[in-house]
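I have placed the structure first, in the form of structure tokens, so that the comments after it can refer back to it.
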Amino acid sequence: MPVSAIPFKSAVIKYIDDPETVDQINSFKMGNMAITPEVRLYLSKKGYGRGFYVAPFYRYSVFTTNEVPVKYNSDDGEQNTVNISGKITANSVGMLLGVQKAIGKHITLDWWLLGPQYGKSSANLEGVTGKALSANEQSSLQSNLEDINIPRIRTKATVTANNVGLNIEGPWAGVRMGLNIGVRF
């Protein structure tokens, strides 16, 4: 997936009360790569590749983020921003329910009805300040990072004069759904 806004952004935002966190999610952009091995068990008597199936799967995902802005108060009373970026990795398992049907001799239609998944995720985001931050500026930035409040997510912020770090850990959930056209050979 190319870098863009997070999917289902409005659904995430409605569970967050903090306006600053909402602003951060609104400006958050990410890209994605995932590997998903699965084993299909066809339940019909038509044989392999036809009819209803269940498919347990494992998914390893890596999300990249670009320039997530974090605000802080500077010594001169202005509000400044530091951009952080990095990777989010997730490991999850799930069960996909689907139907596969042959359309002609070489074309198949594969309908993923529902594939819920659950697992865990972790992230490491880092940024470099444009100038050396004073102790007060570091404290303001540290406070703003620690105030990020997403239910069931643990965060740990580290701020120095020139660097910002944010580590995030928590649960990961998703749903696979889709309609695929395949070629048999």
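Please note that chains go A, B, ... in the order of the structure tokens, that every chain numbers its residues from 1, and that ligands are numbered from 1 in the order shown.
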Report task. Once DSSP has gone over the backbone, tell me which residues of chain A are in strand (DSSP E or B), as a count of residues only. Result -> 109
Report task. Using DSSP on the backbone, list every residue of region 36-162 of chain A that comes out as helix (DSSP H, G or I), and give them as a PyMOL selection string. Result -> chain A and resi 135-146
Take the residues from that selection and write them out as a PDB file, in the first residue's frame, keeping N, CA and C atoms.
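Generated output (part.pdb):
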```pdb
ATOM      1  N   ALA A 135      15.813  22.572  28.440  1.00  0.00           N
ATOM      2  CA  ALA A 135      15.177  21.635  29.385  1.00  0.00           C
ATOM      3  C   ALA A 135      13.662  21.837  29.423  1.00  0.00           C
ATOM      4  N   ASN A 136      13.198  23.093  29.378  1.00  0.00           N
ATOM      5  CA  ASN A 136      11.760  23.366  29.369  1.00  0.00           C
ATOM      6  C   ASN A 136      11.093  22.850  28.100  1.00  0.00           C
ATOM      7  N   GLU A 137      11.747  23.036  26.955  1.00  0.00           N
ATOM      8  CA  GLU A 137      11.199  22.552  25.684  1.00  0.00           C
ATOM      9  C   GLU A 137      11.161  21.022  25.666  1.00  0.00           C
ATOM     10  N   GLN A 138      12.210  20.392  26.188  1.00  0.00           N
ATOM     11  CA  GLN A 138      12.227  18.931  26.279  1.00  0.00           C
ATOM     12  C   GLN A 138      11.085  18.439  27.161  1.00  0.00           C
ATOM     13  N   SER A 139      10.861  19.119  28.273  1.00  0.00           N
ATOM     14  CA  SER A 139       9.789  18.742  29.187  1.00  0.00           C
ATOM     15  C   SER A 139       8.423  18.890  28.527  1.00  0.00           C
ATOM     16  N   SER A 140       8.211  19.955  27.787  1.00  0.00           N
ATOM     17  CA  SER A 140       6.945  20.176  27.077  1.00  0.00           C
ATOM     18  C   SER A 140       6.709  19.085  26.037  1.00  0.00           C
ATOM     19  N   LEU A 141       7.747  18.771  25.273  1.00  0.00           N
ATOM     20  CA  LEU A 141       7.642  17.730  24.250  1.00  0.00           C
ATOM     21  C   LEU A 141       7.406  16.365  24.880  1.00  0.00           C
ATOM     22  N   GLN A 142       8.129  16.054  25.954  1.00  0.00           N
ATOM     23  CA  GLN A 142       7.955  14.785  26.672  1.00  0.00           C
ATOM     24  C   GLN A 142       6.519  14.663  27.178  1.00  0.00           C
ATOM     25  N   SER A 143       5.999  15.730  27.742  1.00  0.00           N
ATOM     26  CA  SER A 143       4.635  15.741  28.269  1.00  0.00           C
ATOM     27  C   SER A 143       3.612  15.501  27.159  1.00  0.00           C
ATOM     28  N   ASN A 144       3.797  16.168  26.016  1.00  0.00           N
ATOM     29  CA  ASN A 144       2.871  15.986  24.893  1.00  0.00           C
ATOM     30  C   ASN A 144       2.895  14.562  24.356  1.00  0.00           C
ATOM     31  N   LEU A 145       4.074  13.952  24.295  1.00  0.00           N
ATOM     32  CA  LEU A 145       4.162  12.561  23.832  1.00  0.00           C
ATOM     33  C   LEU A 145       3.521  11.605  24.832  1.00  0.00           C
ATOM     34  N   GLU A 146       3.723  11.864  26.120  1.00  0.00           N
ATOM     35  CA  GLU A 146       3.143  10.992  27.143  1.00  0.00           C
ATOM     36  C   GLU A 146       1.633  11.163  27.254  1.00  0.00           C
TER      37      GLU A 146
END
```
Query - Residues within 7 Å of Thr64 (chain A), only C-alpha atoms, excluding chain neighbours under 5 positions, as a ChimeraX atom specification - result: /A:30-32,86-88
May I have the residues from that selection written out with N, CA and C atoms, as a PDB file, in the first residue's frame?
```
ATOM      1  N   MET A  30       0.701   6.640   6.297  1.00  0.00           N
ATOM      2  CA  MET A  30       1.482   5.410   6.386  1.00  0.00           C
ATOM      3  C   MET A  30       1.410   4.627   5.088  1.00  0.00           C
ATOM      4  N   GLY A  31       2.359   3.705   4.927  1.00  0.00           N
ATOM      5  CA  GLY A  31       2.388   2.719   3.853  1.00  0.00           C
ATOM      6  C   GLY A  31       2.437   1.343   4.499  1.00  0.00           C
ATOM      7  N   ASN A  32       2.217   0.291   3.722  1.00  0.00           N
ATOM      8  CA  ASN A  32       2.093  -1.045   4.301  1.00  0.00           C
ATOM      9  C   ASN A  32       2.640  -2.119   3.391  1.00  0.00           C
ATOM     10  N   GLY A  86       8.857   6.335  11.409  1.00  0.00           N
ATOM     11  CA  GLY A  86       9.432   5.033  11.728  1.00  0.00           C
ATOM     12  C   GLY A  86       8.568   3.896  11.238  1.00  0.00           C
ATOM     13  N   LYS A  87       8.676   2.750  11.925  1.00  0.00           N
ATOM     14  CA  LYS A  87       7.980   1.530  11.512  1.00  0.00           C
ATOM     15  C   LYS A  87       7.089   0.993  12.622  1.00  0.00           C
ATOM     16  N   ILE A  88       5.983   0.422  12.198  1.00  0.00           N
ATOM     17  CA  ILE A  88       5.083  -0.316  13.082  1.00  0.00           C
ATOM     18  C   ILE A  88       5.048  -1.742  12.556  1.00  0.00           C
TER      19      ILE A  88
END
```
Report summary line: Using only C-alpha atoms, the residue out of A:Asp147, A:Glu169, A:Asp110, A:Glu67 with shortest distance to Arg50 (chain A) is A:Asp110
Query raised in the report: Taking only C-alpha atoms into account, which of A:Ile13, A:Ala90, A:Val164, A:Leu114 comes nearest Met33 (chain A)?
Result: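 Nearest to Met33 (chain A): A:Ala90.
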Requested in this report: Take CA of Asn26 (chain A) and CA of Ser85 (chain A) and report the distance between them in Å, one decimal.
Outcome: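 CA of Ser85 (chain A) lies at a distance of 15.0 Å from CA of Asn26 (chain A).
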Requested in this report: Tell me, as a PyMOL selection string, which residues lie within 9 Å of Gly130 (chain A), counting only C-alpha atoms; anything in the same chain fewer than 3 positions away does not count.
Outcome: chain A and resi 82+133+162
